[in-house]
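S.K.: What follows is a single structure, and I will ask about it in a moment.
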Amino acid sequence: MIPLRIKVEANADQMFVVRLRSFEGVTREHKAGQLTPFDVVLDRVGPEGAHYVGEGGPIRILGIDPANVDGDVLLVNPRRGTADRLIRSSSRHNTFLVTERCDQICLMCSQPPKRHHVDLFPYFETAALLAPEGATIGISGGEPTLFKAQLFDFLERVLSVRPDLSFHVLTNGQHFGEGDREAMSCIDRGRVVWGIPLYSRDPVVHDEIVAKAGAHEQLLENLAIMCRLGAQVELRTVLMRPNADGLLKLASFIAATLPFVRTWAIMQMENIGFGRMNWKTLFYDSSEGFDIVGRSIDRVRSRGIDAWLYNFPLCTVPEPYRSLAPATISDWKRAYRDECNGCSVKDRCGGFFEWHPANRGYSKLGAIQ
Ligand code: SF4
């Protein structure tokens, strides 16, 4: 698995953000023109690690090849001797975890909420401003909109300085209101997609999945607000046994009532966090029961709304729907199995979550010839 946290040594007391640069084959003058106060440049590599120097340093990186972290933006915690790779320059899958607090306790949550919260927005802002040209950065939690004022400020400031960046924010959609009109109007709405989960047309089923009474009603109210504010919404439905039977009804509801959504994503589960605890009762084997999924996709797409399959291995999807199943599993948690050797579609398949169980997952899968 790709490490998101690495070992460092830095002579500092407080956390700080730094960008690693190697500049192999680049002249000193050219180098100088490309440096910001947050950059450190590779000075030497030895058995005791890679040494970087510069305004943001000095700093020593241990246990990883400098070639693999060139251009990465790190949040360094010198007291712990660790650094989080906030931006991996070679990856499209960079996400800022802005909080671990949440007001829902979803049955399949891959990142169970915690009470503790540390405001890292200032560091995230610095990191975003150092991101590679044209990057899309994910924002997730917990529930990021529990810190809505900071989030809106962050988006407004970064997008105004970096018009090439865009954001994808995962939110439970419970905390928007008409009062957000002014803050939202300051954000370039064309460059922020809000990924919002809706699990069922049936309020009882949705509320049970998120363990919050009234969540469904609140969500529909807030989706209407998001529509009026001109927000780009990606609806997300994790497919599970409790909501699989109602998927077609949900598709009809989306097609008839929520035509403003940009995308509907039907998603497969992760076997981690609460998802692992509840796997037996929740996992829906779509390799056996794809019919309801296919009909639901067809219904929504027939009304001109994009519908996609996220986190589905291609061999579990019938051939006519494979073009709707992009490789969405993040690179750092993606894995392939022995069955994948020699598969003709491996280069465009997202494979499995690293923690997908060997014996309690899809019953039908295997290399496509
Ligand atoms: S065999 Fe592996 S690579 Fe091929 S479609 Fe299935 S999961 Fe993807």
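Labels for the structure tokens follow display order: chains A, B, ..., residues from 1 in each chain, ligands from 1.
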Which residues come within 10 Å of A:Arg337, counting only C-alpha atoms, excluding same-chain residues fewer than 5 positions away, as a list in words?
M.R.: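 Here the answer would be Gly351, Phe352, Glu354, Ala358, Gly366 and Ala367 of chain A.
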S.K.: Generate the output file for the selected residues, all heavy atoms, as a PDB file, in the first residue's frame.
M.R.:
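Output (part.pdb):
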```pdb
ATOM      1  N   GLY A 351     -10.001  -2.440  -9.513  1.00  0.00           N
ATOM      2  CA  GLY A 351      -9.677  -3.552  -8.616  1.00  0.00           C
ATOM      3  C   GLY A 351     -10.535  -3.554  -7.355  1.00  0.00           C
ATOM      4  O   GLY A 351     -11.728  -3.247  -7.379  1.00  0.00           O
ATOM      5  N   PHE A 352      -9.864  -3.830  -6.241  1.00  0.00           N
ATOM      6  CA  PHE A 352     -10.543  -4.004  -4.953  1.00  0.00           C
ATOM      7  C   PHE A 352      -9.954  -3.056  -3.916  1.00  0.00           C
ATOM      8  O   PHE A 352      -8.811  -2.623  -4.044  1.00  0.00           O
ATOM      9  CB  PHE A 352     -10.320  -5.433  -4.436  1.00  0.00           C
ATOM     10  CG  PHE A 352     -10.752  -6.493  -5.385  1.00  0.00           C
ATOM     11  CD1 PHE A 352      -9.881  -6.949  -6.373  1.00  0.00           C
ATOM     12  CD2 PHE A 352     -12.016  -7.040  -5.315  1.00  0.00           C
ATOM     13  CE1 PHE A 352     -10.277  -7.928  -7.273  1.00  0.00           C
ATOM     14  CE2 PHE A 352     -12.418  -8.013  -6.201  1.00  0.00           C
ATOM     15  CZ  PHE A 352     -11.540  -8.464  -7.183  1.00  0.00           C
ATOM     16  N   GLU A 354      -8.018  -2.614  -0.698  1.00  0.00           N
ATOM     17  CA  GLU A 354      -6.952  -3.432  -0.100  1.00  0.00           C
ATOM     18  C   GLU A 354      -7.534  -4.418   0.927  1.00  0.00           C
ATOM     19  O   GLU A 354      -7.083  -5.540   1.067  1.00  0.00           O
ATOM     20  CB  GLU A 354      -5.963  -2.473   0.576  1.00  0.00           C
ATOM     21  CG  GLU A 354      -4.899  -3.099   1.422  1.00  0.00           C
ATOM     22  CD  GLU A 354      -3.674  -3.446   0.602  1.00  0.00           C
ATOM     23  OE1 GLU A 354      -3.481  -2.861  -0.459  1.00  0.00           O
ATOM     24  OE2 GLU A 354      -2.922  -4.334   1.055  1.00  0.00           O
ATOM     25  N   ALA A 358     -11.221 -11.943   1.278  1.00  0.00           N
ATOM     26  CA  ALA A 358     -10.964 -12.936   0.226  1.00  0.00           C
ATOM     27  C   ALA A 358     -12.152 -13.882   0.049  1.00  0.00           C
ATOM     28  O   ALA A 358     -12.478 -14.286  -1.063  1.00  0.00           O
ATOM     29  CB  ALA A 358      -9.703 -13.717   0.573  1.00  0.00           C
ATOM     30  N   GLY A 366     -13.246 -12.718 -11.903  1.00  0.00           N
ATOM     31  CA  GLY A 366     -12.130 -13.406 -12.547  1.00  0.00           C
ATOM     32  C   GLY A 366     -11.714 -12.685 -13.801  1.00  0.00           C
ATOM     33  O   GLY A 366     -12.459 -11.853 -14.338  1.00  0.00           O
ATOM     34  N   ALA A 367     -10.500 -12.989 -14.237  1.00  0.00           N
ATOM     35  CA  ALA A 367      -9.909 -12.281 -15.379  1.00  0.00           C
ATOM     36  C   ALA A 367     -10.824 -12.293 -16.593  1.00  0.00           C
ATOM     37  O   ALA A 367     -11.451 -13.303 -16.903  1.00  0.00           O
ATOM     38  CB  ALA A 367      -8.572 -12.919 -15.717  1.00  0.00           C
TER      39      ALA A 367
END
```
S.K.: Considering only C-alpha atoms, return as a list in words whatever protein or nucleic-acid residues lie within 12 Å of A:Ser185, sequence-local ones (same chain, fewer than 5 positions apart) excluded.
M.R.: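 The residues satisfying every condition are Phe152, Asp153, Leu155, Glu156, Glu178, Gly179, Asp180, Gly190, Val192, Met226, Arg228, Leu229, Gly230 and Ala231 of chain A.
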S.K.: Hey, which of A:Ala325, A:Leu223, A:Leu86, A:Leu314 ends up closest to ligand 1? Count only C-alpha atoms and all ligand atoms.
M.R.: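 The answer is A:Leu314, which sits nearest to ligand 1.
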S.K.: Among stretch 77-297 of chain A, which residues does DSSP mark as alpha helix (DSSP H) when it is run on the backbone? Keep the chain and numbering as in the structure and answer as an MDAnalysis selection string.
M.R.: chainID A and resid 121:129 148:161 181:185 203:210 215:228 241:244 247:257 274:277 279:282 291:297
S.K.: For the residues in the current selection, export C-alpha atoms as a compact mmCIF listing (two decimals), in the first residue's frame.
M.R.:
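Below is the file that was written, part.txt:
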```txt
# COMPACT_ATOMS: atom_id res chain seq x y z
CA PHE A 121 -7.59 24.57 7.95
CA PRO A 122 -4.62 27.01 7.90
CA TYR A 123 -2.29 24.12 6.99
CA PHE A 124 -4.72 22.83 4.36
CA GLU A 125 -4.87 26.27 2.80
CA THR A 126 -1.09 26.48 2.52
CA ALA A 127 -0.94 22.96 1.10
CA ALA A 128 -3.68 23.60 -1.47
CA LEU A 129 -1.86 26.68 -2.71
CA LYS A 148 -18.92 25.31 7.65
CA ALA A 149 -17.64 28.85 8.17
CA GLN A 150 -14.00 27.72 8.01
CA LEU A 151 -14.74 25.48 5.03
CA PHE A 152 -16.43 28.23 3.02
CA ASP A 153 -13.59 30.67 3.83
CA PHE A 154 -11.02 28.08 2.83
CA LEU A 155 -12.71 27.36 -0.52
CA GLU A 156 -13.21 31.03 -1.31
CA ARG A 157 -9.63 31.98 -0.53
CA VAL A 158 -7.92 29.08 -2.31
CA LEU A 159 -10.09 29.27 -5.42
CA SER A 160 -9.58 32.99 -5.76
CA VAL A 161 -5.77 32.59 -5.71
CA ARG A 181 -26.36 32.04 0.18
CA GLU A 182 -23.82 34.82 0.65
CA ALA A 183 -20.91 32.54 1.53
CA MET A 184 -21.70 30.18 -1.34
CA SER A 185 -21.94 33.07 -3.79
CA PRO A 203 -37.10 7.92 4.92
CA VAL A 204 -37.14 5.02 7.40
CA VAL A 205 -34.49 3.10 5.49
CA HIS A 206 -32.27 6.17 4.99
CA ASP A 207 -32.57 7.27 8.64
CA GLU A 208 -31.74 3.76 9.86
CA ILE A 209 -28.64 3.60 7.68
CA VAL A 210 -27.33 6.95 8.94
CA ALA A 215 -32.03 12.96 8.39
CA HIS A 216 -33.87 12.09 5.17
CA GLU A 217 -36.31 14.98 5.48
CA GLN A 218 -33.51 17.42 6.31
CA LEU A 219 -31.45 16.16 3.40
CA LEU A 220 -34.23 16.68 0.85
CA GLU A 221 -34.83 20.21 2.15
CA ASN A 222 -31.13 20.95 1.87
CA LEU A 223 -30.82 19.46 -1.60
CA ALA A 224 -33.48 21.92 -2.70
CA ILE A 225 -31.41 24.73 -1.16
CA MET A 226 -28.27 23.46 -2.92
CA CYS A 227 -30.22 23.52 -6.17
CA ARG A 228 -31.32 27.12 -5.60
CA ARG A 241 -28.74 -5.21 1.51
CA PRO A 242 -31.06 -2.81 3.40
CA ASN A 243 -31.41 -0.46 0.42
CA ALA A 244 -30.84 -2.73 -2.61
CA LEU A 247 -32.83 1.10 -5.57
CA LEU A 248 -35.21 1.34 -8.53
CA LYS A 249 -37.65 3.48 -6.53
CA LEU A 250 -34.78 5.74 -5.57
CA ALA A 251 -33.75 5.97 -9.23
CA SER A 252 -37.29 6.99 -10.21
CA PHE A 253 -37.33 9.59 -7.45
CA ILE A 254 -34.01 11.08 -8.58
CA ALA A 255 -35.12 11.15 -12.21
CA ALA A 256 -38.45 12.82 -11.37
CA THR A 257 -37.57 15.10 -8.46
CA PHE A 274 -18.15 -0.02 10.74
CA GLY A 275 -18.32 -1.52 7.26
CA ARG A 276 -16.21 -4.41 8.50
CA MET A 277 -18.22 -4.84 11.71
CA TRP A 279 -20.25 -6.61 6.59
CA LYS A 280 -22.24 -9.82 7.03
CA THR A 281 -25.56 -8.04 7.20
CA LEU A 282 -24.80 -5.23 4.74
CA ASP A 291 -30.24 -6.66 -12.45
CA ILE A 292 -31.64 -4.08 -9.99
CA VAL A 293 -28.47 -2.00 -10.34
CA GLY A 294 -28.59 -2.02 -14.12
CA ARG A 295 -32.28 -1.10 -14.28
CA SER A 296 -31.75 1.75 -11.80
CA ILE A 297 -28.84 3.12 -13.82
```
S.K.: Just how far from atom CA of A:His93 is atom CA of A:Trp332, in Å to one decimal?
M.R.: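 If I compute the distance from atom CA of A:Trp332 to atom CA of A:His93, I get 8.1 Å.
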S.K.: Give me, as an MDAnalysis selection string, the set of residues whose atoms come within 8 Å of any atom of ligand 1, counting only C-alpha atoms and all ligand atoms.
M.R.: chainID A and resid 313:316 336:337 339:352 365:368
S.K.: Rank A:Val76, A:Leu42, A:Leu309, A:Leu97 by their smallest atom-to-atom distance to A:Lys7, using only C-alpha atoms, and report the top residue only.
M.R.: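 Ranking A:Val76, A:Leu42, A:Leu309, A:Leu97 by distance to A:Lys7, first place goes to A:Val76.
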S.K.: If you run DSSP on the backbone, which residues of stretch 55-251 of chain A are strand (DSSP E or B), as a PDB file with N, CA and C atoms, in the first residue's frame?
M.R.:
```pdb
ATOM      1  N   ILE A  59      15.216  19.460   6.748  1.00  0.00           N
ATOM      2  CA  ILE A  59      14.363  18.345   7.132  1.00  0.00           C
ATOM      3  C   ILE A  59      14.978  17.064   6.574  1.00  0.00           C
ATOM      4  N   ARG A  60      14.797  15.982   7.319  1.00  0.00           N
ATOM      5  CA  ARG A  60      15.328  14.691   6.861  1.00  0.00           C
ATOM      6  C   ARG A  60      14.164  13.702   6.737  1.00  0.00           C
ATOM      7  N   ILE A  61      14.093  13.062   5.576  1.00  0.00           N
ATOM      8  CA  ILE A  61      13.025  12.095   5.289  1.00  0.00           C
ATOM      9  C   ILE A  61      13.616  10.702   5.393  1.00  0.00           C
ATOM     10  N   LEU A  62      12.911   9.825   6.084  1.00  0.00           N
ATOM     11  CA  LEU A  62      13.437   8.478   6.297  1.00  0.00           C
ATOM     12  C   LEU A  62      12.497   7.424   5.706  1.00  0.00           C
ATOM     13  N   VAL A  73       3.580  17.665  -0.927  1.00  0.00           N
ATOM     14  CA  VAL A  73       3.402  18.689   0.105  1.00  0.00           C
ATOM     15  C   VAL A  73       3.106  17.967   1.417  1.00  0.00           C
ATOM     16  N   LEU A  74       3.943  18.221   2.416  1.00  0.00           N
ATOM     17  CA  LEU A  74       3.835  17.487   3.685  1.00  0.00           C
ATOM     18  C   LEU A  74       3.339  18.395   4.806  1.00  0.00           C
ATOM     19  N   LEU A  75       2.560  17.810   5.712  1.00  0.00           N
ATOM     20  CA  LEU A  75       2.293  18.459   6.994  1.00  0.00           C
ATOM     21  C   LEU A  75       3.180  17.745   8.010  1.00  0.00           C
ATOM     22  N   VAL A  76       4.203  18.460   8.451  1.00  0.00           N
ATOM     23  CA  VAL A  76       5.217  17.846   9.325  1.00  0.00           C
ATOM     24  C   VAL A  76       4.829  18.050  10.781  1.00  0.00           C
ATOM     25  N   ASN A  77       4.878  16.955  11.534  1.00  0.00           N
ATOM     26  CA  ASN A  77       4.686  17.034  12.979  1.00  0.00           C
ATOM     27  C   ASN A  77       6.019  16.670  13.632  1.00  0.00           C
ATOM     28  N   THR A  82       6.784  12.582  12.340  1.00  0.00           N
ATOM     29  CA  THR A  82       6.041  12.067  11.187  1.00  0.00           C
ATOM     30  C   THR A  82       5.611  13.227  10.296  1.00  0.00           C
ATOM     31  N   ALA A  83       5.246  12.876   9.074  1.00  0.00           N
ATOM     32  CA  ALA A  83       4.687  13.872   8.159  1.00  0.00           C
ATOM     33  C   ALA A  83       3.566  13.214   7.360  1.00  0.00           C
ATOM     34  N   ASP A  84       2.445  13.916   7.242  1.00  0.00           N
ATOM     35  CA  ASP A  84       1.339  13.436   6.408  1.00  0.00           C
ATOM     36  C   ASP A  84       1.526  13.993   5.011  1.00  0.00           C
ATOM     37  N   ARG A  85       1.406  13.134   4.017  1.00  0.00           N
ATOM     38  CA  ARG A  85       1.549  13.569   2.627  1.00  0.00           C
ATOM     39  C   ARG A  85       0.216  14.165   2.177  1.00  0.00           C
ATOM     40  N   LEU A  86       0.007  15.446   2.458  1.00  0.00           N
ATOM     41  CA  LEU A  86      -1.278  16.082   2.145  1.00  0.00           C
ATOM     42  C   LEU A  86      -1.531  16.092   0.640  1.00  0.00           C
ATOM     43  N   ILE A  87      -0.478  16.392  -0.112  1.00  0.00           N
ATOM     44  CA  ILE A  87      -0.574  16.355  -1.573  1.00  0.00           C
ATOM     45  C   ILE A  87       0.531  15.447  -2.082  1.00  0.00           C
ATOM     46  N   ASN A  94      -5.859  12.988  -3.832  1.00  0.00           N
ATOM     47  CA  ASN A  94      -5.417  13.715  -2.643  1.00  0.00           C
ATOM     48  C   ASN A  94      -6.627  14.267  -1.908  1.00  0.00           C
ATOM     49  N   THR A  95      -6.713  13.935  -0.629  1.00  0.00           N
ATOM     50  CA  THR A  95      -7.883  14.329   0.156  1.00  0.00           C
ATOM     51  C   THR A  95      -7.449  14.897   1.491  1.00  0.00           C
ATOM     52  N   PHE A  96      -8.069  16.012   1.879  1.00  0.00           N
ATOM     53  CA  PHE A  96      -7.818  16.584   3.203  1.00  0.00           C
ATOM     54  C   PHE A  96      -8.914  16.098   4.145  1.00  0.00           C
ATOM     55  N   LEU A  97      -8.508  15.424   5.208  1.00  0.00           N
ATOM     56  CA  LEU A  97      -9.466  14.982   6.229  1.00  0.00           C
ATOM     57  C   LEU A  97      -9.604  16.133   7.228  1.00  0.00           C
ATOM     58  N   THR A 136      -7.428  18.406  -8.596  1.00  0.00           N
ATOM     59  CA  THR A 136      -8.704  18.353  -7.884  1.00  0.00           C
ATOM     60  C   THR A 136      -8.409  17.772  -6.514  1.00  0.00           C
ATOM     61  N   ILE A 137      -8.807  18.480  -5.477  1.00  0.00           N
ATOM     62  CA  ILE A 137      -8.503  18.046  -4.109  1.00  0.00           C
ATOM     63  C   ILE A 137      -9.794  17.623  -3.429  1.00  0.00           C
ATOM     64  N   GLY A 138      -9.765  16.474  -2.781  1.00  0.00           N
ATOM     65  CA  GLY A 138     -10.930  16.002  -2.033  1.00  0.00           C
ATOM     66  C   GLY A 138     -10.944  16.593  -0.628  1.00  0.00           C
ATOM     67  N   ILE A 139     -12.161  16.835  -0.133  1.00  0.00           N
ATOM     68  CA  ILE A 139     -12.335  17.273   1.257  1.00  0.00           C
ATOM     69  C   ILE A 139     -13.264  16.245   1.893  1.00  0.00           C
ATOM     70  N   SER A 140     -12.823  15.679   3.033  1.00  0.00           N
ATOM     71  CA  SER A 140     -13.707  14.679   3.647  1.00  0.00           C
ATOM     72  C   SER A 140     -13.596  14.738   5.164  1.00  0.00           C
ATOM     73  N   SER A 166      -9.700  22.640  -8.380  1.00  0.00           N
ATOM     74  CA  SER A 166     -11.113  22.385  -8.071  1.00  0.00           C
ATOM     75  C   SER A 166     -11.178  21.446  -6.855  1.00  0.00           C
ATOM     76  N   PHE A 167     -12.366  21.392  -6.263  1.00  0.00           N
ATOM     77  CA  PHE A 167     -12.544  20.598  -5.035  1.00  0.00           C
ATOM     78  C   PHE A 167     -13.730  19.655  -5.157  1.00  0.00           C
ATOM     79  N   HIS A 168     -13.604  18.531  -4.473  1.00  0.00           N
ATOM     80  CA  HIS A 168     -14.713  17.581  -4.353  1.00  0.00           C
ATOM     81  C   HIS A 168     -14.936  17.379  -2.856  1.00  0.00           C
ATOM     82  N   VAL A 169     -16.080  17.846  -2.360  1.00  0.00           N
ATOM     83  CA  VAL A 169     -16.329  17.841  -0.918  1.00  0.00           C
ATOM     84  C   VAL A 169     -17.351  16.750  -0.573  1.00  0.00           C
ATOM     85  N   LEU A 170     -16.951  15.828   0.294  1.00  0.00           N
ATOM     86  CA  LEU A 170     -17.888  14.806   0.769  1.00  0.00           C
ATOM     87  C   LEU A 170     -18.594  15.333   2.012  1.00  0.00           C
ATOM     88  N   VAL A 192     -16.478  23.441  -7.536  1.00  0.00           N
ATOM     89  CA  VAL A 192     -16.694  22.633  -6.322  1.00  0.00           C
ATOM     90  C   VAL A 192     -17.854  21.673  -6.566  1.00  0.00           C
ATOM     91  N   VAL A 193     -17.584  20.384  -6.386  1.00  0.00           N
ATOM     92  CA  VAL A 193     -18.646  19.380  -6.454  1.00  0.00           C
ATOM     93  C   VAL A 193     -18.894  18.888  -5.037  1.00  0.00           C
ATOM     94  N   TRP A 194     -20.181  18.838  -4.665  1.00  0.00           N
ATOM     95  CA  TRP A 194     -20.546  18.372  -3.327  1.00  0.00           C
ATOM     96  C   TRP A 194     -21.049  16.930  -3.446  1.00  0.00           C
ATOM     97  N   GLY A 195     -20.340  15.988  -2.876  1.00  0.00           N
ATOM     98  CA  GLY A 195     -20.755  14.580  -2.899  1.00  0.00           C
ATOM     99  C   GLY A 195     -21.619  14.296  -1.684  1.00  0.00           C
ATOM    100  N   ILE A 196     -22.917  14.017  -1.948  1.00  0.00           N
ATOM    101  CA  ILE A 196     -23.884  13.927  -0.849  1.00  0.00           C
ATOM    102  C   ILE A 196     -24.621  12.588  -0.899  1.00  0.00           C
ATOM    103  N   PRO A 197     -24.632  11.833   0.198  1.00  0.00           N
ATOM    104  CA  PRO A 197     -25.268  10.526   0.167  1.00  0.00           C
ATOM    105  C   PRO A 197     -26.787  10.571   0.370  1.00  0.00           C
ATOM    106  N   GLN A 232     -23.071  22.306  -7.531  1.00  0.00           N
ATOM    107  CA  GLN A 232     -22.971  21.060  -8.299  1.00  0.00           C
ATOM    108  C   GLN A 232     -23.050  19.896  -7.313  1.00  0.00           C
ATOM    109  N   VAL A 233     -24.057  19.036  -7.489  1.00  0.00           N
ATOM    110  CA  VAL A 233     -24.259  17.942  -6.535  1.00  0.00           C
ATOM    111  C   VAL A 233     -24.020  16.594  -7.211  1.00  0.00           C
ATOM    112  N   GLU A 234     -23.216  15.770  -6.537  1.00  0.00           N
ATOM    113  CA  GLU A 234     -23.052  14.376  -6.925  1.00  0.00           C
ATOM    114  C   GLU A 234     -23.753  13.548  -5.856  1.00  0.00           C
ATOM    115  N   LEU A 235     -24.895  12.941  -6.198  1.00  0.00           N
ATOM    116  CA  LEU A 235     -25.568  12.096  -5.211  1.00  0.00           C
ATOM    117  C   LEU A 235     -24.837  10.764  -5.136  1.00  0.00           C
ATOM    118  N   ARG A 236     -24.706  10.236  -3.931  1.00  0.00           N
ATOM    119  CA  ARG A 236     -23.957   8.988  -3.745  1.00  0.00           C
ATOM    120  C   ARG A 236     -24.807   7.998  -2.958  1.00  0.00           C
ATOM    121  N   THR A 237     -24.939   6.793  -3.469  1.00  0.00           N
ATOM    122  CA  THR A 237     -25.732   5.767  -2.784  1.00  0.00           C
ATOM    123  C   THR A 237     -24.877   4.523  -2.611  1.00  0.00           C
ATOM    124  N   VAL A 238     -24.467   4.234  -1.391  1.00  0.00           N
ATOM    125  CA  VAL A 238     -23.735   2.987  -1.136  1.00  0.00           C
ATOM    126  C   VAL A 238     -24.756   1.853  -1.195  1.00  0.00           C
TER     127      VAL A 238
END
```
S.K.: In terms of the shortest atom-to-atom distance over only C-alpha atoms, which of A:Ser287, A:Ser330, A:Asn271, A:Asn68 is closest to A:Leu107?
M.R.: A:Asn271
S.K.: Closest to A:Gln174 among A:Ala135, A:Cys102, A:Ala10, A:Ala327, using only C-alpha atoms?
M.R.: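 With only C-alpha atoms as the atom set, the closest residue is A:Cys102.
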S.K.: For a quick check of understanding, using only C-alpha atoms, which of A:Pro357, A:Gly56, A:Gly71, A:Pro326 has the smallest distance to A:Ser90?
M.R.: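 Ranked by minimum distance to A:Ser90, first place goes to A:Gly71.
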S.K.: Have a look at A:Met240, A:Ile6, A:Met108, A:Leu146 and name the one nearest to A:Pro66; count only C-alpha atoms.
M.R.: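 That would be A:Ile6, the residue with the smallest distance to A:Pro66.
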